[in-house]
$ cat run_17.pdb   # PDB, C-alpha atoms and all ligand atoms
ATOM      1  CA  LEU A   1      -8.065 -13.557  32.259
ATOM      2  CA  ARG A   2     -11.333 -13.061  30.402
ATOM      3  CA  THR A   3     -10.630  -9.299  30.215
ATOM      4  CA  VAL A   4      -7.101  -9.882  28.913
ATOM      5  CA  ALA A   5      -8.427 -12.314  26.300
ATOM      6  CA  ARG A   6     -11.063  -9.805  25.239
ATOM      7  CA  VAL A   7      -8.498  -7.011  24.901
ATOM      8  CA  LEU A   8      -6.113  -9.239  22.917
ATOM      9  CA  LYS A   9      -8.925 -10.367  20.619
ATOM     10  CA  PHE A  10      -9.961  -6.777  20.045
ATOM     11  CA  ARG A  11      -6.384  -5.737  19.295
ATOM     12  CA  ALA A  12      -6.005  -8.600  16.836
ATOM     13  CA  LEU A  13      -9.259  -7.588  15.151
ATOM     14  CA  THR A  14      -8.606  -3.901  14.828
ATOM     15  CA  ASN A  15      -4.851  -3.647  14.330
ATOM     16  CA  HIS A  16      -4.966   0.132  14.811
ATOM     17  CA  SER A  17      -3.075   0.902  18.002
ATOM     18  CA  ARG A  18      -4.044   4.542  18.049
ATOM     19  CA  PHE A  19      -7.731   3.580  17.910
ATOM     20  CA  TYR A  20      -8.148   1.404  20.978
ATOM     21  CA  SER A  21      -7.801   1.760  24.681
ATOM     22  CA  THR A  22      -5.768  -0.808  26.590
ATOM     23  CA  THR A  23      -7.297  -0.431  30.022
ATOM     24  CA  GLY A  24      -9.654  -3.417  29.893
ATOM     25  CA  GLU A  25     -12.298  -1.424  31.792
ATOM     26  CA  ARG A  26     -15.995  -1.669  30.813
ATOM     27  CA  ARG A  27     -17.376   1.792  31.500
ATOM     28  CA  LEU A  28     -20.282   1.536  29.050
ATOM     29  CA  GLU A  29     -21.413  -1.991  29.845
ATOM     30  CA  GLY A  30     -25.009  -2.460  28.708
ATOM     31  CA  LYS A  31     -25.238   0.989  27.067
ATOM     32  CA  VAL A  32     -26.552   1.593  23.561
ATOM     33  CA  ALA A  33     -24.794   4.282  21.510
ATOM     34  CA  LEU A  34     -25.469   5.787  18.100
ATOM     35  CA  ILE A  35     -22.528   7.580  16.465
ATOM     36  CA  THR A  36     -22.967   9.573  13.255
ATOM     37  CA  GLY A  37     -19.983   9.820  10.908
ATOM     38  CA  SER A  38     -18.476   6.667  12.416
ATOM     39  CA  ALA A  39     -17.262   5.073   9.175
ATOM     40  CA  SER A  40     -14.027   7.074   9.474
ATOM     41  CA  GLY A  41     -11.772   9.178  11.661
ATOM     42  CA  LEU A  42     -12.881  10.339  15.084
ATOM     43  CA  GLY A  43     -16.305   8.675  14.972
ATOM     44  CA  LYS A  44     -14.757   5.350  14.016
ATOM     45  CA  ALA A  45     -12.190   5.557  16.823
ATOM     46  CA  THR A  46     -14.982   6.359  19.268
ATOM     47  CA  ALA A  47     -17.010   3.362  18.060
ATOM     48  CA  TYR A  48     -13.985   1.105  18.737
ATOM     49  CA  GLU A  49     -13.531   2.603  22.195
ATOM     50  CA  PHE A  50     -17.224   2.336  23.087
ATOM     51  CA  VAL A  51     -17.417  -1.309  21.992
ATOM     52  CA  GLN A  52     -14.342  -2.141  23.984
ATOM     53  CA  HIS A  53     -16.044  -0.591  27.002
ATOM     54  CA  GLY A  54     -19.074  -2.831  26.595
ATOM     55  CA  ALA A  55     -21.456  -0.692  24.506
ATOM     56  CA  GLN A  56     -23.657  -1.764  21.612
ATOM     57  CA  VAL A  57     -22.982   0.718  18.810
ATOM     58  CA  ILE A  58     -24.959   1.862  15.775
ATOM     59  CA  ILE A  59     -22.523   2.973  13.055
ATOM     60  CA  ALA A  60     -24.581   5.669  11.295
ATOM     61  CA  ASP A  61     -22.899   7.091   8.208
ATOM     62  CA  LYS A  62     -23.710   7.966   4.624
ATOM     63  CA  ASP A  63     -20.635   6.018   3.489
ATOM     64  CA  THR A  64     -21.998   2.614   2.462
ATOM     65  CA  GLN A  65     -18.521   1.294   1.578
ATOM     66  CA  ARG A  66     -16.576   1.937   4.762
ATOM     67  CA  GLY A  67     -19.476   1.902   7.264
ATOM     68  CA  PRO A  68     -20.345  -1.802   6.938
ATOM     69  CA  LYS A  69     -16.631  -2.708   7.142
ATOM     70  CA  VAL A  70     -16.265  -0.882  10.448
ATOM     71  CA  ALA A  71     -19.349  -2.672  11.799
ATOM     72  CA  GLU A  72     -17.971  -6.007  10.600
ATOM     73  CA  GLU A  73     -14.608  -5.400  12.293
ATOM     74  CA  LEU A  74     -16.388  -4.609  15.548
ATOM     75  CA  GLY A  75     -18.467  -7.804  15.456
ATOM     76  CA  PRO A  76     -21.913  -8.434  16.959
ATOM     77  CA  ALA A  77     -21.768  -5.343  19.173
ATOM     78  CA  ALA A  78     -22.015  -3.078  16.108
ATOM     79  CA  LEU A  79     -24.551  -2.501  13.360
ATOM     80  CA  PHE A  80     -24.235  -0.255  10.310
ATOM     81  CA  VAL A  81     -27.160   1.984   9.352
ATOM     82  CA  GLU A  82     -26.999   4.149   6.251
ATOM     83  CA  CYS A  83     -27.704   7.680   7.411
ATOM     84  CA  ASP A  84     -27.197  11.063   5.788
ATOM     85  CA  VAL A  85     -27.540  13.556   8.637
ATOM     86  CA  SER A  86     -28.811  16.238   6.282
ATOM     87  CA  GLU A  87     -31.979  14.113   5.886
ATOM     88  CA  GLU A  88     -34.166  14.217   9.003
ATOM     89  CA  ALA A  89     -35.995  11.021   8.040
ATOM     90  CA  GLN A  90     -32.704   9.101   7.926
ATOM     91  CA  ILE A  91     -31.668  10.277  11.397
ATOM     92  CA  ALA A  92     -35.112   9.370  12.729
ATOM     93  CA  GLU A  93     -34.751   5.939  11.148
ATOM     94  CA  ALA A  94     -31.285   5.381  12.671
ATOM     95  CA  VAL A  95     -32.719   6.175  16.119
ATOM     96  CA  ASN A  96     -35.633   3.816  15.364
ATOM     97  CA  VAL A  97     -33.174   1.044  14.553
ATOM     98  CA  ALA A  98     -31.453   1.524  17.925
ATOM     99  CA  MET A  99     -34.813   1.480  19.704
ATOM    100  CA  SER A 100     -36.219  -1.552  17.911
ATOM    101  CA  ARG A 101     -32.989  -3.554  18.192
ATOM    102  CA  HIS A 102     -32.043  -2.663  21.762
ATOM    103  CA  GLY A 103     -35.171  -1.065  23.248
ATOM    104  CA  LYS A 104     -33.331   2.123  24.233
ATOM    105  CA  LEU A 105     -30.770   4.750  23.293
ATOM    106  CA  ASP A 106     -28.346   5.790  26.042
ATOM    107  CA  ILE A 107     -25.782   7.754  24.041
ATOM    108  CA  MET A 108     -26.129   9.838  20.881
ATOM    109  CA  TYR A 109     -22.925  11.233  19.378
ATOM    110  CA  ASN A 110     -23.604  13.798  16.641
ATOM    111  CA  ASN A 111     -20.150  13.651  15.117
ATOM    112  CA  ALA A 112     -20.640  13.705  11.317
ATOM    113  CA  GLY A 113     -19.288  16.840   9.693
ATOM    114  CA  ILE A 114     -17.728  18.273   6.567
ATOM    115  CA  THR A 115     -15.278  21.099   5.977
ATOM    116  CA  GLY A 116     -16.946  22.339   2.820
ATOM    117  CA  PRO A 117     -14.727  24.371   0.509
ATOM    118  CA  SER A 118     -11.145  23.351   1.182
ATOM    119  CA  ILE A 119      -9.452  26.680   0.682
ATOM    120  CA  PRO A 120     -10.598  29.599   2.833
ATOM    121  CA  HIS A 121     -12.011  31.995   0.278
ATOM    122  CA  SER A 122     -12.329  35.649   1.130
ATOM    123  CA  ILE A 123     -15.700  36.644   2.539
ATOM    124  CA  THR A 124     -16.093  38.669  -0.669
ATOM    125  CA  GLU A 125     -15.996  35.413  -2.678
ATOM    126  CA  LEU A 126     -18.185  33.328  -0.364
ATOM    127  CA  ASP A 127     -20.404  30.911  -2.278
ATOM    128  CA  MET A 128     -23.681  30.918  -0.355
ATOM    129  CA  ASN A 129     -24.476  27.405  -1.616
ATOM    130  CA  ASP A 130     -21.262  26.152   0.045
ATOM    131  CA  PHE A 131     -22.326  27.911   3.220
ATOM    132  CA  ASP A 132     -25.803  26.343   3.136
ATOM    133  CA  ARG A 133     -24.389  22.824   2.593
ATOM    134  CA  VAL A 134     -21.929  23.081   5.502
ATOM    135  CA  MET A 135     -24.629  24.459   7.797
ATOM    136  CA  GLN A 136     -27.058  21.762   6.660
ATOM    137  CA  ILE A 137     -24.714  18.952   7.735
ATOM    138  CA  ASN A 138     -22.709  20.430  10.613
ATOM    139  CA  VAL A 139     -25.450  22.465  12.285
ATOM    140  CA  ARG A 140     -28.859  21.240  11.094
ATOM    141  CA  GLY A 141     -27.645  17.626  11.127
ATOM    142  CA  THR A 142     -26.448  18.022  14.717
ATOM    143  CA  LEU A 143     -29.666  19.696  15.807
ATOM    144  CA  THR A 144     -31.796  17.025  14.140
ATOM    145  CA  GLY A 145     -29.774  14.296  15.859
ATOM    146  CA  ILE A 146     -30.350  15.984  19.210
ATOM    147  CA  LYS A 147     -34.086  16.272  18.530
ATOM    148  CA  HIS A 148     -34.590  12.588  17.755
ATOM    149  CA  ALA A 149     -32.262  11.371  20.504
ATOM    150  CA  ALA A 150     -34.119  13.543  23.032
ATOM    151  CA  ARG A 151     -37.442  12.065  21.896
ATOM    152  CA  ALA A 152     -36.084   8.577  22.599
ATOM    153  CA  MET A 153     -34.411   9.503  25.896
ATOM    154  CA  MET A 154     -37.073  11.712  27.513
ATOM    155  CA  PRO A 155     -39.521   8.926  28.433
ATOM    156  CA  VAL A 156     -36.655   7.111  30.193
ATOM    157  CA  GLY A 157     -35.414  10.244  31.957
ATOM    158  CA  SER A 158     -31.715   9.721  31.230
ATOM    159  CA  GLY A 159     -29.173   9.813  28.418
ATOM    160  CA  SER A 160     -26.029  11.479  27.188
ATOM    161  CA  ILE A 161     -25.801  13.468  23.962
ATOM    162  CA  LEU A 162     -22.473  14.519  22.492
ATOM    163  CA  CYS A 163     -21.697  16.842  19.600
ATOM    164  CA  THR A 164     -18.475  17.697  17.784
ATOM    165  CA  SER A 165     -17.281  21.264  17.543
ATOM    166  CA  SER A 166     -13.611  22.066  16.827
ATOM    167  CA  ILE A 167     -10.902  24.469  17.851
ATOM    168  CA  SER A 168     -12.099  26.180  14.645
ATOM    169  CA  GLY A 169     -15.182  26.911  16.747
ATOM    170  CA  LEU A 170     -13.061  28.885  19.207
ATOM    171  CA  MET A 171     -10.928  31.089  16.966
ATOM    172  CA  GLY A 172     -10.993  32.460  13.452
ATOM    173  CA  GLY A 173      -8.401  31.845  10.767
ATOM    174  CA  LEU A 174      -8.171  28.061  11.064
ATOM    175  CA  GLY A 175     -10.512  27.116   8.232
ATOM    176  CA  PRO A 176     -12.977  28.355   5.644
ATOM    177  CA  HIS A 177     -15.639  30.738   6.966
ATOM    178  CA  PRO A 178     -18.588  28.290   6.623
ATOM    179  CA  TYR A 179     -16.779  25.592   8.608
ATOM    180  CA  THR A 180     -15.610  28.007  11.309
ATOM    181  CA  ILE A 181     -19.071  29.546  11.657
ATOM    182  CA  SER A 182     -20.723  26.120  11.809
ATOM    183  CA  LYS A 183     -18.366  24.962  14.556
ATOM    184  CA  PHE A 184     -18.864  28.161  16.600
ATOM    185  CA  THR A 185     -22.569  27.308  16.552
ATOM    186  CA  ILE A 186     -22.205  23.895  18.223
ATOM    187  CA  PRO A 187     -21.368  25.051  21.789
ATOM    188  CA  GLY A 188     -24.305  27.481  21.495
ATOM    189  CA  ILE A 189     -26.667  24.659  20.578
ATOM    190  CA  VAL A 190     -25.333  22.643  23.497
ATOM    191  CA  LYS A 191     -25.908  25.468  25.996
ATOM    192  CA  SER A 192     -29.382  26.195  24.697
ATOM    193  CA  VAL A 193     -30.553  22.584  24.669
ATOM    194  CA  ALA A 194     -28.841  21.672  27.978
ATOM    195  CA  SER A 195     -31.030  24.217  29.758
ATOM    196  CA  GLU A 196     -34.100  22.220  28.710
ATOM    197  CA  LEU A 197     -32.758  18.653  28.793
ATOM    198  CA  CYS A 198     -31.342  18.823  32.318
ATOM    199  CA  LYS A 199     -34.958  18.832  33.537
ATOM    200  CA  SER A 200     -35.360  15.418  31.892
ATOM    201  CA  GLY A 201     -32.147  13.947  33.278
ATOM    202  CA  ILE A 202     -30.413  14.123  29.894
ATOM    203  CA  ARG A 203     -26.910  15.549  29.608
ATOM    204  CA  ILE A 204     -25.547  17.215  26.467
ATOM    205  CA  ASN A 205     -21.940  18.265  25.869
ATOM    206  CA  CYS A 206     -19.559  18.870  22.993
ATOM    207  CA  ILE A 207     -15.922  18.199  22.237
ATOM    208  CA  SER A 208     -13.590  20.613  20.445
ATOM    209  CA  PRO A 209     -10.669  18.657  18.949
ATOM    210  CA  ALA A 210      -7.372  19.997  17.655
ATOM    211  CA  PRO A 211      -6.378  19.024  14.091
ATOM    212  CA  ILE A 212      -5.881  15.250  13.790
ATOM    213  CA  PRO A 213      -4.742  13.645  10.517
ATOM    214  CA  THR A 214      -8.050  11.978   9.604
ATOM    215  CA  PRO A 215      -9.079  11.857   5.933
ATOM    216  CA  MET A 216     -10.971  15.144   6.432
ATOM    217  CA  ALA A 217      -8.031  17.036   7.929
ATOM    218  CA  LEU A 218      -5.519  15.609   5.432
ATOM    219  CA  THR A 219      -7.674  16.737   2.514
ATOM    220  CA  GLN A 220      -8.341  20.143   4.024
ATOM    221  CA  ILE A 221      -4.801  20.970   5.107
ATOM    222  CA  GLY A 222      -3.198  19.153   2.145
ATOM    223  CA  LYS A 223      -4.691  21.798  -0.186
ATOM    224  CA  PHE A 224      -2.339  24.325   1.348
ATOM    225  CA  PHE A 225       0.728  22.160   0.635
ATOM    226  CA  PRO A 226       0.128  20.769  -2.877
ATOM    227  CA  GLY A 227       3.660  19.330  -3.343
ATOM    228  CA  LEU A 228       3.675  17.235  -0.159
ATOM    229  CA  THR A 229       2.802  13.569   0.412
ATOM    230  CA  GLN A 230       0.015  12.525   2.827
ATOM    231  CA  GLU A 231       2.655  11.494   5.386
ATOM    232  CA  GLN A 232       4.290  14.921   5.209
ATOM    233  CA  VAL A 233       0.917  16.638   5.604
ATOM    234  CA  ALA A 234       0.125  14.334   8.550
ATOM    235  CA  GLY A 235       3.426  15.458  10.108
ATOM    236  CA  ILE A 236       2.354  19.090   9.760
ATOM    237  CA  VAL A 237      -1.074  18.355  11.262
ATOM    238  CA  ASN A 238       0.512  16.477  14.170
ATOM    239  CA  GLY A 239       2.892  19.360  14.763
ATOM    240  CA  LEU A 240       0.016  21.748  15.435
ATOM    241  CA  GLY A 241      -0.589  20.558  19.012
ATOM    242  CA  GLU A 242       1.470  22.293  21.635
ATOM    243  CA  LEU A 243       1.713  19.838  24.519
ATOM    244  CA  LYS A 244       5.340  18.835  24.793
ATOM    245  CA  GLY A 245       6.015  15.275  23.656
ATOM    246  CA  ALA A 246       2.376  14.611  22.678
ATOM    247  CA  LYS A 247       0.302  14.760  19.527
ATOM    248  CA  CYS A 248      -3.446  14.664  19.152
ATOM    249  CA  GLU A 249      -4.712  11.282  17.987
ATOM    250  CA  GLU A 250      -8.156   9.812  17.349
ATOM    251  CA  ILE A 251      -8.000   7.930  20.641
ATOM    252  CA  ASP A 252      -7.712  11.228  22.564
ATOM    253  CA  ILE A 253     -11.110  12.271  21.229
ATOM    254  CA  ALA A 254     -12.557   8.789  21.746
ATOM    255  CA  ARG A 255     -11.512   8.889  25.401
ATOM    256  CA  ALA A 256     -13.013  12.347  25.867
ATOM    257  CA  ALA A 257     -16.244  11.008  24.330
ATOM    258  CA  LEU A 258     -16.079   7.966  26.606
ATOM    259  CA  TYR A 259     -15.700  10.148  29.684
ATOM    260  CA  LEU A 260     -18.537  12.511  28.776
ATOM    261  CA  SER A 261     -20.822   9.594  27.836
ATOM    262  CA  SER A 262     -20.147   7.552  30.940
ATOM    263  CA  ASP A 263     -21.539   7.940  34.433
ATOM    264  CA  ASP A 264     -18.157   9.394  35.445
ATOM    265  CA  ALA A 265     -19.495  12.642  33.978
ATOM    266  CA  LYS A 266     -22.957  12.318  35.563
ATOM    267  CA  TYR A 267     -22.976  15.951  36.780
ATOM    268  CA  ILE A 268     -21.540  17.521  33.607
ATOM    269  CA  THR A 269     -23.831  19.115  31.047
ATOM    270  CA  GLY A 270     -23.685  22.131  28.715
ATOM    271  CA  HIS A 271     -19.906  21.788  28.583
ATOM    272  CA  ASN A 272     -17.421  22.222  25.726
ATOM    273  CA  LEU A 273     -14.431  19.943  26.337
ATOM    274  CA  ILE A 274     -11.418  21.298  24.433
ATOM    275  CA  VAL A 275      -8.902  18.600  23.488
ATOM    276  CA  ASP A 276      -6.057  20.543  21.903
ATOM    277  CA  GLY A 277      -2.845  20.122  23.911
ATOM    278  CA  GLY A 278      -2.916  23.827  24.726
ATOM    279  CA  PHE A 279      -3.192  25.071  21.150
ATOM    280  CA  THR A 280      -5.927  27.636  21.834
ATOM    281  CA  CYS A 281      -4.307  28.810  25.057
ATOM    282  CA  PHE A 282      -2.029  31.176  23.260
ATOM    283  CA  LYS A 283      -1.906  30.609  19.557
ATOM    284  CA  ASN A 284      -3.712  31.965  16.562
ATOM    285  CA  LEU A 285      -2.729  30.721  13.198
ATOM    286  CA  THR A 286      -3.696  31.486   9.658
ATOM    287  CA  PHE A 287      -2.705  29.165   6.863
TER     288      PHE A 287
HETATM  289  P1  LIG A 301     -13.592  12.042   8.538
HETATM  290  O1  LIG A 301     -13.745  12.608   7.183
HETATM  291  O2  LIG A 301     -12.517  11.073   8.822
HETATM  292  O3  LIG A 301     -14.975  11.365   8.991
HETATM  293  C1  LIG A 301     -16.206  12.019   8.798
HETATM  294  C2  LIG A 301     -17.281  10.970   8.624
HETATM  295  O4  LIG A 301     -18.532  11.675   8.505
HETATM  296  C3  LIG A 301     -17.114  10.148   7.336
HETATM  297  O5  LIG A 301     -17.270   8.775   7.630
HETATM  298  C4  LIG A 301     -18.213  10.661   6.431
HETATM  299  O6  LIG A 301     -18.726   9.662   5.544
HETATM  300  C5  LIG A 301     -19.257  11.089   7.453
HETATM  301  N1  LIG A 301     -20.194  12.068   6.902
HETATM  302  C6  LIG A 301     -19.921  13.183   6.176
HETATM  303  N2  LIG A 301     -21.068  13.776   5.813
HETATM  304  C7  LIG A 301     -22.072  13.033   6.334
HETATM  305  C8  LIG A 301     -23.477  13.126   6.308
HETATM  306  N3  LIG A 301     -24.100  14.109   5.624
HETATM  307  N4  LIG A 301     -24.202  12.186   6.953
HETATM  308  C9  LIG A 301     -23.600  11.162   7.615
HETATM  309  N5  LIG A 301     -22.275  11.007   7.659
HETATM  310  C10 LIG A 301     -21.518  11.935   7.031
HETATM  311  O7  LIG A 301     -13.499  13.319   9.496
HETATM  312  P2  LIG A 301     -13.176  13.445  11.050
HETATM  313  O8  LIG A 301     -11.936  14.219  11.144
HETATM  314  O9  LIG A 301     -13.302  12.170  11.753
HETATM  315  O10 LIG A 301     -14.371  14.422  11.486
HETATM  316  C11 LIG A 301     -15.363  14.052  12.429
HETATM  317  C12 LIG A 301     -15.850  15.312  13.109
HETATM  318  O11 LIG A 301     -14.780  15.897  13.844
HETATM  319  C13 LIG A 301     -16.376  16.391  12.175
HETATM  320  O12 LIG A 301     -17.523  16.986  12.726
HETATM  321  C14 LIG A 301     -15.225  17.374  12.119
HETATM  322  O13 LIG A 301     -15.657  18.679  11.800
HETATM  323  C15 LIG A 301     -14.698  17.274  13.525
HETATM  324  N6  LIG A 301     -13.321  17.711  13.746
HETATM  325  C16 LIG A 301     -12.289  17.087  13.098
HETATM  326  C17 LIG A 301     -10.984  17.529  13.328
HETATM  327  C18 LIG A 301      -9.790  16.904  12.640
HETATM  328  O14 LIG A 301      -8.726  17.518  12.608
HETATM  329  N7  LIG A 301      -9.889  15.723  12.099
HETATM  330  C19 LIG A 301     -10.748  18.587  14.222
HETATM  331  C20 LIG A 301     -11.831  19.181  14.842
HETATM  332  C21 LIG A 301     -13.117  18.736  14.611
END

$ encode --input "run_17.pdb" --output "structure tokens"
Amino acid sequence: LRTVARVLKFRALTNHSRFYSTTGERRLEGKVALITGSASGLGKATAYEFVQHGAQVIIADKDTQRGPKVAEELGPAALFVECDVSEEAQIAEAVNVAMSRHGKLDIMYNNAGITGPSIPHSITELDMNDFDRVMQINVRGTLTGIKHAARAMMPVGSGSILCTSSISGLMGGLGPHPYTISKFTIPGIVKSVASELCKSGIRINCISPAPIPTPMALTQIGKFFPGLTQEQVAGIVNGLGELKGAKCEEIDIARAALYLSSDDAKYITGHNLIVDGGFTCFKNLTF
């Protein structure tokens, strides 16, 4: 009954059916998780899922409007920390907050990312400043998050680190060159670092999601369809998955993150979990 009450309370609080799990299980009971980019989209959905599974979550985001609201919705299990992942000192501070508040960090999810220029310019027109900015957040920000999480986890000898790649990190033609290149880099980082961290009992994996109509994807893909409403663009984004009768939603990524973070995946490291309904099995697509 207590579990049912907890699930009902959570549902009443969040009111976003595609964001929460309904299983009532507590797979992250007692765990402490830090999620970057969790004021919106996939990171936010993962924060909801982790809290429902018993975790304490640090909502680390540069968005000081939406971040505190997400933490407030999640209640005492969540805390917002302002964090721009392109600033190493801010990532270090977010990890410090987790350590001083909870005494440990079990899960670090390096999820924050940007698409950069919305229209894929030709390589001949590439603005190198755009490239640097995307790499600074998507790649350097991820690597810095791994560095500081590993520092916190190594003395304990356990932990799970997650990163976000994309199906744009598996095939060309899905986005602007800087974004695609940055996302190709993530599985490489994961492989490289996994080879060291496994000796310390720390696992590191990444997730490659299909397009999901988060604010980022709607802005990015909406540029290609200027006359359409957000709902129509969302319909196009949802139509990109290939699994019959299914569409990719935030909760699908949150559940993948839950699995990889939990002890269910205790022997999995260096892995890239593709969550795309079969999209990359046979399709290449250029907008
Ligand atoms: P989103 O725009 O909904 O959320 C991104 C969050 O990251 C926002 O809260 C934003 O404030 C935060 N952020 C951006 N720059 C930051 C920075 N420098 N420091 C800290 N926080 C920052 O986007 P989303 O779709 O949820 O994207 C999350 C991740 O998933 C990204 O890495 C993205 O590349 C990846 N991804 C998204 C899709 C998709 O279709 N939505 C598909 C594949 C991969």

$ residues_near_ligand --input "run_17.pdb" --ligand "ligand LIG 301 (chain A)" --cutoff "6 Å" --atoms "only C-alpha atoms and all ligand atoms" --output "MDAnalysis selection string"
chainID A and resid 36:43 61:63 83:86 111:114 137 164:166 209:217

$ atom_distance --input "run_17.pdb" --atom1 "CA of Thr64 in chain A" --atom2 "CA of Ile91 in chain A"
15.2 Å

$ closest_atom_pairs --input "run_17.pdb" --of "range 188-241 of chain A" --to "range 255-271 of chain A" --cutoff "7 Å" --atoms "all atoms listed in the file" --output "JSON lines"
{"residue": "A:Val190", "atom": "CA", "partner": "A:Gly270", "partner_atom": "CA", "distance": 5.5}
{"residue": "A:Lys191", "atom": "CA", "partner": "A:Gly270", "partner_atom": "CA", "distance": 4.8}
{"residue": "A:Ala194", "atom": "CA", "partner": "A:Gly270", "partner_atom": "CA", "distance": 5.2}
{"residue": "A:Arg203", "atom": "CA", "partner": "A:Thr269", "partner_atom": "CA", "distance": 4.9}
{"residue": "A:Ile204", "atom": "CA", "partner": "A:Thr269", "partner_atom": "CA", "distance": 5.2}
{"residue": "A:Asn205", "atom": "CA", "partner": "A:His271", "partner_atom": "CA", "distance": 4.9}
{"residue": "A:Cys206", "atom": "CA", "partner": "A:His271", "partner_atom": "CA", "distance": 6.3}

$ atom_distance --input "run_17.pdb" --atom1 "CA of Ile251 in chain A" --atom2 "CA of Glu49 in chain A"
7.8 Å

$ residues_around --input "run_17.pdb" --residues "range 221-224 of chain A" --least-positions-apart "6" --cutoff "9 Å" --atoms "all atoms listed in the file" --output "ChimeraX atom specification"
/A:118-119,175,230,233-234,236-237,287

$ closest_residue --input "run_17.pdb" --among "A:Ile202, A:Thr46, A:Val193, A:His177" --to "Asp127 in chain A" --atoms "all atoms listed in the file"
A:His177

$ atom_distance --input "run_17.pdb" --atom1 "CA of Val139 in chain A" --atom2 "CA of Thr185 in chain A"
7.1 Å

$ closest_residue --input "run_17.pdb" --among "A:Lys147, A:Met135, A:Leu273, A:Ile58" --to "Pro187 in chain A" --atoms "only C-alpha atoms"
A:Leu273

$ closest_residue --input "run_17.pdb" --among "A:Leu228, A:Ala33, A:Ala77, A:Val70" --to "Gln52 in chain A" --atoms "only C-alpha atoms"
A:Ala77

$ axis_aligned_box --input "run_17.pdb" --around "range 117-123 of chain A" --padding-each-side "3 Å" --output "JSON"
{"center_x": -12.6, "center_y": 30.0, "center_z": 1.6, "size_x": 12.2, "size_y": 19.3, "size_z": 8.6}

$ residues_around --input "run_17.pdb" --residues "Ile123 in chain A" --least-positions-apart "2" --cutoff "10 Å" --atoms "all atoms listed in the file" --output "NGL selection string"
:A and (120-121 or 125-127 or 176-178)

$ residues_around --input "run_17.pdb" --residues "Leu34 in chain A" --least-positions-apart "3" --cutoff "9 Å" --atoms "all atoms listed in the file" --output "mmCIF file with C-alpha atoms, in the frame of the given file"
data_model
loop_
_atom_site.group_PDB
_atom_site.id
_atom_site.type_symbol
_atom_site.label_atom_id
_atom_site.label_comp_id
_atom_site.auth_asym_id
_atom_site.auth_seq_id
_atom_site.Cartn_x
_atom_site.Cartn_y
_atom_site.Cartn_z
ATOM 1 C CA ALA A 47 -17.010 3.362 18.060
ATOM 2 C CA GLN A 56 -23.657 -1.764 21.612
ATOM 3 C CA VAL A 57 -22.982 0.718 18.810
ATOM 4 C CA ILE A 58 -24.959 1.862 15.775
ATOM 5 C CA ILE A 59 -22.523 2.973 13.055
ATOM 6 C CA ALA A 60 -24.581 5.669 11.295
ATOM 7 C CA ALA A 94 -31.285 5.381 12.671
ATOM 8 C CA VAL A 95 -32.719 6.175 16.119
ATOM 9 C CA ALA A 98 -31.453 1.524 17.925
ATOM 10 C CA LEU A 105 -30.770 4.750 23.293
ATOM 11 C CA ASP A 106 -28.346 5.790 26.042
ATOM 12 C CA ILE A 107 -25.782 7.754 24.041
ATOM 13 C CA MET A 108 -26.129 9.838 20.881
ATOM 14 C CA TYR A 109 -22.925 11.233 19.378
ATOM 15 C CA ASN A 110 -23.604 13.798 16.641
#

$ closest_residue --input "run_17.pdb" --among "A:Val51, A:Leu162, A:Ala92, A:Cys248" --to "Gly75 in chain A" --atoms "only C-alpha atoms"
A:Val51

$ closest_residue --input "run_17.pdb" --among "A:Gly116, A:Gly277, A:Gly235, A:Gly67" --to "Gln136 in chain A" --atoms "only C-alpha atoms"
A:Gly116

$ resolve_selection --input "run_17.pdb" --expression "the PyMOL selection byres (((chain A and resi 171) around 9) and not hetatm)" --output "list of chain:residue names"
A:Ile167, A:Ser168, A:Gly169, A:Leu170, A:Gly172, A:Gly173, A:Leu174, A:Thr180, A:Phe184, A:Thr280, A:Asn284

$ resolve_selection --input "run_17.pdb" --expression "the PyMOL selection byres (((chain A and resi 274) around 7) and not hetatm)" --output "PyMOL selection string"
chain A and resi 207-209+272-273+275-276
